[in-house]
file model_14.txt (compact mmCIF, C-alpha atoms)
# COMPACT_ATOMS: atom_id res chain seq x y z
CA MET A 1 15.09 -6.21 53.52
CA ALA A 2 13.97 -2.66 52.69
CA GLN A 3 17.02 -2.16 50.48
CA SER A 4 16.35 -5.45 48.67
CA THR A 5 12.75 -4.39 47.99
CA THR A 6 13.97 -1.00 46.75
CA LYS A 7 16.47 -2.67 44.40
CA ARG A 8 13.76 -4.97 43.01
CA ALA A 9 11.41 -2.05 42.50
CA GLY A 10 14.19 -0.12 40.76
CA LYS A 11 14.90 -3.05 38.45
CA LEU A 12 11.21 -3.42 37.65
CA VAL A 13 10.97 0.28 36.81
CA ALA A 14 14.06 0.02 34.59
CA VAL A 15 12.66 -3.04 32.78
CA ALA A 16 9.27 -1.37 32.32
CA PHE A 17 10.95 1.78 31.00
CA GLY A 18 13.01 -0.32 28.57
CA LEU A 19 9.90 -2.09 27.32
CA VAL A 20 8.12 1.22 26.78
CA LEU A 21 11.10 2.57 24.81
CA ALA A 22 11.28 -0.60 22.72
CA GLY A 23 7.54 -0.36 22.00
CA LEU A 24 7.90 3.26 20.93
CA ALA A 25 10.81 2.38 18.64
CA VAL A 26 8.86 -0.46 17.00
CA THR A 27 5.83 1.80 16.53
CA ALA A 28 7.94 4.59 15.02
CA HIS A 29 9.62 2.13 12.64
CA HIS A 30 6.24 0.65 11.66
CA ASP A 31 4.87 4.14 10.93
CA TRP A 32 7.96 4.89 8.81
CA GLU A 33 7.47 1.62 6.86
CA ASN A 34 3.78 2.47 6.29
CA ARG A 35 4.75 5.86 4.81
CA ARG A 36 7.53 4.31 2.69
CA VAL A 37 5.22 1.68 1.17
CA ALA A 38 2.42 4.20 0.65
CA GLU A 39 4.84 6.41 -1.31
CA LEU A 40 5.98 3.41 -3.35
CA GLY A 41 2.37 2.83 -4.43
CA CYS A 42 2.33 5.48 -7.17
CA ARG A 43 5.83 4.59 -8.37
CA THR A 44 5.32 1.02 -9.59
CA GLY A 45 5.45 0.03 -13.26
CA PRO A 46 2.46 1.31 -15.25
CA LEU A 47 1.54 3.70 -12.43
CA LEU A 48 4.52 5.87 -13.37
CA PRO A 49 3.44 8.86 -15.47
CA TRP A 50 6.07 8.25 -18.18
CA ILE A 51 4.95 4.63 -18.78
CA THR A 52 2.26 4.99 -21.44
CA GLU A 53 0.41 2.62 -23.74
CA GLN A 54 1.84 4.35 -26.80
CA GLU A 55 5.47 3.92 -25.73
CA HIS A 56 5.20 0.43 -24.21
CA ARG A 57 2.59 -1.41 -26.29
CA GLY A 58 4.14 -4.87 -26.02
CA ALA A 59 4.81 -4.74 -22.28
CA PHE A 60 1.86 -2.69 -21.08
CA LEU A 61 0.00 -4.91 -18.63
CA PHE A 62 -2.24 -2.35 -16.96
CA PRO A 63 -5.89 -3.04 -17.88
CA TYR A 64 -7.12 0.58 -17.62
CA GLY A 65 -4.76 2.34 -20.00
CA THR A 66 -2.42 5.18 -19.27
CA VAL A 67 -2.55 6.56 -15.71
CA THR A 68 -2.73 10.36 -15.62
CA SER A 69 -2.81 10.76 -11.84
CA CYS A 70 -2.29 8.57 -8.81
CA ARG A 71 -3.15 9.27 -5.17
CA VAL A 72 -2.34 7.09 -2.20
CA LEU A 73 -5.45 6.42 -0.12
CA GLY A 74 -3.78 4.33 2.58
CA GLY A 75 -1.32 1.59 3.26
CA GLU A 76 -0.42 -1.12 5.71
CA VAL A 77 2.83 -2.91 6.43
CA GLY A 78 3.10 -6.18 8.33
CA LEU A 79 4.79 -5.56 11.66
CA LEU A 80 7.08 -8.58 11.40
CA SER A 81 6.98 -9.27 7.68
CA ALA A 82 8.21 -7.84 4.41
CA ASP A 83 4.70 -7.68 2.96
CA ALA A 84 2.63 -4.55 2.47
CA ASP A 85 -0.64 -3.36 0.93
CA THR A 86 -1.40 0.06 -0.51
CA ASP A 87 -4.77 1.46 -1.65
CA LEU A 88 -4.59 3.87 -4.59
CA LEU A 89 -7.00 6.08 -6.51
CA LEU A 90 -6.04 6.31 -10.18
CA GLU A 91 -7.27 8.56 -12.96
CA THR A 92 -6.89 6.46 -16.11
CA ARG A 93 -7.88 6.48 -19.76
CA ARG A 94 -10.86 4.29 -18.78
CA GLY A 95 -11.96 6.47 -15.84
CA LEU A 96 -11.42 6.53 -12.11
CA VAL A 97 -10.11 3.28 -10.58
CA ALA A 98 -9.49 2.32 -6.94
CA VAL A 99 -6.95 -0.49 -6.51
CA ARG A 100 -5.18 -2.35 -3.74
CA VAL A 101 -1.57 -3.22 -4.53
CA ALA A 102 -0.14 -6.17 -2.58
CA TYR A 103 3.64 -6.02 -2.25
CA ARG A 104 5.22 -9.34 -1.30
CA ASP A 105 8.77 -10.35 -0.38
CA MET A 106 10.03 -6.77 -0.18
CA ASP A 107 13.05 -8.06 1.74
CA ARG A 108 14.25 -10.14 -1.22
CA GLY A 109 15.92 -7.39 -3.23
CA ARG A 110 14.78 -7.34 -6.84
CA GLN A 111 12.68 -10.48 -6.39
CA TRP A 112 9.76 -8.66 -4.78
CA THR A 113 6.36 -8.78 -6.48
CA ALA A 114 3.43 -6.39 -6.72
CA LYS A 115 -0.06 -7.51 -7.69
CA ALA A 116 -3.07 -5.23 -7.99
CA THR A 117 -6.76 -5.87 -7.42
CA GLU A 118 -9.53 -3.45 -8.28
CA LEU A 119 -11.64 -2.33 -5.32
CA THR A 120 -15.39 -1.96 -5.49
CA ALA A 121 -16.89 1.44 -4.78
CA ASP A 122 -18.17 0.10 -1.46
CA GLN A 123 -14.67 -1.07 -0.46
CA ALA A 124 -13.17 2.33 -1.27
CA ALA A 125 -16.05 4.58 -0.15
CA HIS A 126 -14.66 5.31 3.32
CA LEU A 127 -11.45 6.61 1.72
CA LEU A 128 -13.10 8.94 -0.80
CA SER A 129 -15.07 12.16 -0.87
CA ASP A 130 -18.73 11.89 -1.92
CA ALA A 131 -17.91 13.31 -5.36
CA GLU A 132 -15.06 10.84 -5.88
CA GLU A 133 -17.29 7.96 -4.82
CA ARG A 134 -19.93 9.00 -7.36
CA ARG A 135 -17.29 9.29 -10.12
CA LEU A 136 -15.86 5.89 -9.15
CA ARG A 137 -19.29 4.25 -9.30
CA THR A 138 -19.93 5.83 -12.73
CA SER A 139 -16.51 4.69 -14.02
CA ILE A 140 -17.02 1.13 -12.78
CA ALA A 141 -20.45 1.00 -14.43
CA SER A 142 -19.07 2.33 -17.75
CA ARG A 143 -16.38 -0.40 -17.71
CA GLY A 144 -19.01 -3.08 -17.12
CA GLY A 145 -18.09 -3.76 -13.49
CA VAL A 146 -15.03 -4.43 -11.38
CA LEU A 147 -12.22 -6.45 -12.96
CA ALA A 148 -12.41 -9.83 -11.23
CA GLU A 149 -8.82 -11.02 -11.55
CA GLU A 150 -5.66 -9.48 -10.15
CA TRP A 151 -2.86 -8.37 -12.44
CA THR A 152 0.87 -8.16 -11.92
CA LEU A 153 2.66 -4.82 -11.71
CA ASN A 154 6.08 -6.25 -10.81
CA TYR A 155 7.09 -9.86 -11.34
CA GLY A 156 10.43 -9.68 -9.57
CA ASP A 157 13.41 -10.76 -11.60
CA GLY A 158 14.66 -13.66 -9.52

call {"tool": "encode", "arguments": {"input": "model_14.txt", "output": "C-alpha cells"}}
result
Amino acid sequence: MAQSTTKRAGKLVAVAFGLVLAGLAVTAHHDWENRRVAELGCRTGPLLPWITEQEHRGAFLFPYGTVTSCRVLGGEVGLLSADADTDLLLETRRGLVAVRVAYRDMDRGRQWTAKATELTADQAAHLLSDAEERRLRTSIASRGGVLAEEWTLNYGDG
C-alpha cells in the first residue's frame, strides 16, 4: 500500500512538472510572437521609410502622408489565433499620429490583412511621455480630430 501511494505521488509530481514545463513553453512562444508582431508594425506598406507619397502617388493609401519615423508602443498576439494588434507612434507629414494596426489571418501566407485605426490621445496617453502626449494632442487638433474610419495597409493577395 505504501509503495502504491508513493508511485501515485510520483506520477502526480511528474504530471505537474510536465504541465509547468508546457505552460512555460507556451508563455515563451507567446512572448516571442508578441515581439515578432511588434517588430512587424513599422515594416508594413506605407510605414516603410522608402514608401513615399512622391514615389507612389497612385497607390499611396496612408492618410497622413509620408512617415518619417515609426516607434512600436506595444503589441498583443492571440494565444491560440493568428491575429495580432500593434500600437505605433508615427511622425508623419501631418504631425504625430498614434495608430493601432490589426493583423488578421497571419497564418494564411500572403493572404493576411492589416488595417489601421487612429488612436485618440486618451487611448495612447499611458504609452507616451508627457511631451509626446502634448504633441499628439496638438497634431490631432491641427488635423481637425481623429480619423474615424480604418484604412487598409495590406489587403492580402488571395

call {"tool": "axis_aligned_box", "arguments": {"input": "model_14.txt", "around": "stretch 107-123 of chain A", "padding_each_side": "3 Å", "output": "lines of an AutoDock Vina configuration file"}}
result
center_x = -1.1
center_y = -4.5
center_z = -3.3
size_x = 40.1
size_y = 17.9
size_z = 16.0

call {"tool": "atom_distance", "arguments": {"input": "model_14.txt", "atom1": "atom CA of A:Gly74", "atom2": "atom CA of A:Thr152"}}
result
19.7 Å

call {"tool": "closest_residue", "arguments": {"input": "model_14.txt", "among": "A:Ala148, A:Ala116, A:Ala98, A:Leu153", "to": "A:Glu133", "atoms": "all atoms listed in the file"}}
result
A:Ala98

call {"tool": "atom_distance", "arguments": {"input": "model_14.txt", "atom1": "atom CA of A:Glu132", "atom2": "atom CA of A:Pro63"}}
result
20.5 Å

call {"tool": "closest_residue", "arguments": {"input": "model_14.txt", "among": "A:Gly145, A:Gly65, A:Gly75, A:Gly156", "to": "A:Val101", "atoms": "only C-alpha atoms"}}
result
A:Gly75

call {"tool": "atom_distance", "arguments": {"input": "model_14.txt", "atom1": "atom CA of A:Tyr103", "atom2": "atom CA of A:Asp83"}}
result
5.6 Å

call {"tool": "residues_around", "arguments": {"input": "model_14.txt", "residues": "A:Lys115", "least_positions_apart": "2", "cutoff": "10 Å", "atoms": "all atoms listed in the file", "output": "list in words"}}
result
Asp85, Val99, Arg100, Val101, Ala102, Tyr103, Arg104, Thr113, Thr117, Glu150, Trp151, Thr152, Leu153, Asn154 and Tyr155 of chain A

call {"tool": "write_last_selection", "arguments": {"input": "model_14.txt", "atoms": "C-alpha atoms", "output": "compact mmCIF listing (two decimals), in the frame of the given file"}}
result
# COMPACT_ATOMS: atom_id res chain seq x y z
CA ASP A 85 -0.64 -3.36 0.93
CA VAL A 99 -6.95 -0.49 -6.51
CA ARG A 100 -5.18 -2.35 -3.74
CA VAL A 101 -1.57 -3.22 -4.53
CA ALA A 102 -0.14 -6.17 -2.58
CA TYR A 103 3.64 -6.02 -2.25
CA ARG A 104 5.22 -9.34 -1.30
CA THR A 113 6.36 -8.78 -6.48
CA THR A 117 -6.76 -5.87 -7.42
CA GLU A 150 -5.66 -9.48 -10.15
CA TRP A 151 -2.86 -8.37 -12.44
CA THR A 152 0.87 -8.16 -11.92
CA LEU A 153 2.66 -4.82 -11.71
CA ASN A 154 6.08 -6.25 -10.81
CA TYR A 155 7.09 -9.86 -11.34

call {"tool": "closest_residue", "arguments": {"input": "model_14.txt", "among": "A:Ala82, A:Leu136, A:Cys42, A:Ala114", "to": "A:Gly95", "atoms": "all atoms listed in the file"}}
result
A:Leu136

call {"tool": "closest_residue", "arguments": {"input": "model_14.txt", "among": "A:Thr120, A:Arg137, A:Trp112, A:Asp130", "to": "A:Asp157", "atoms": "all atoms listed in the file"}}
result
A:Trp112
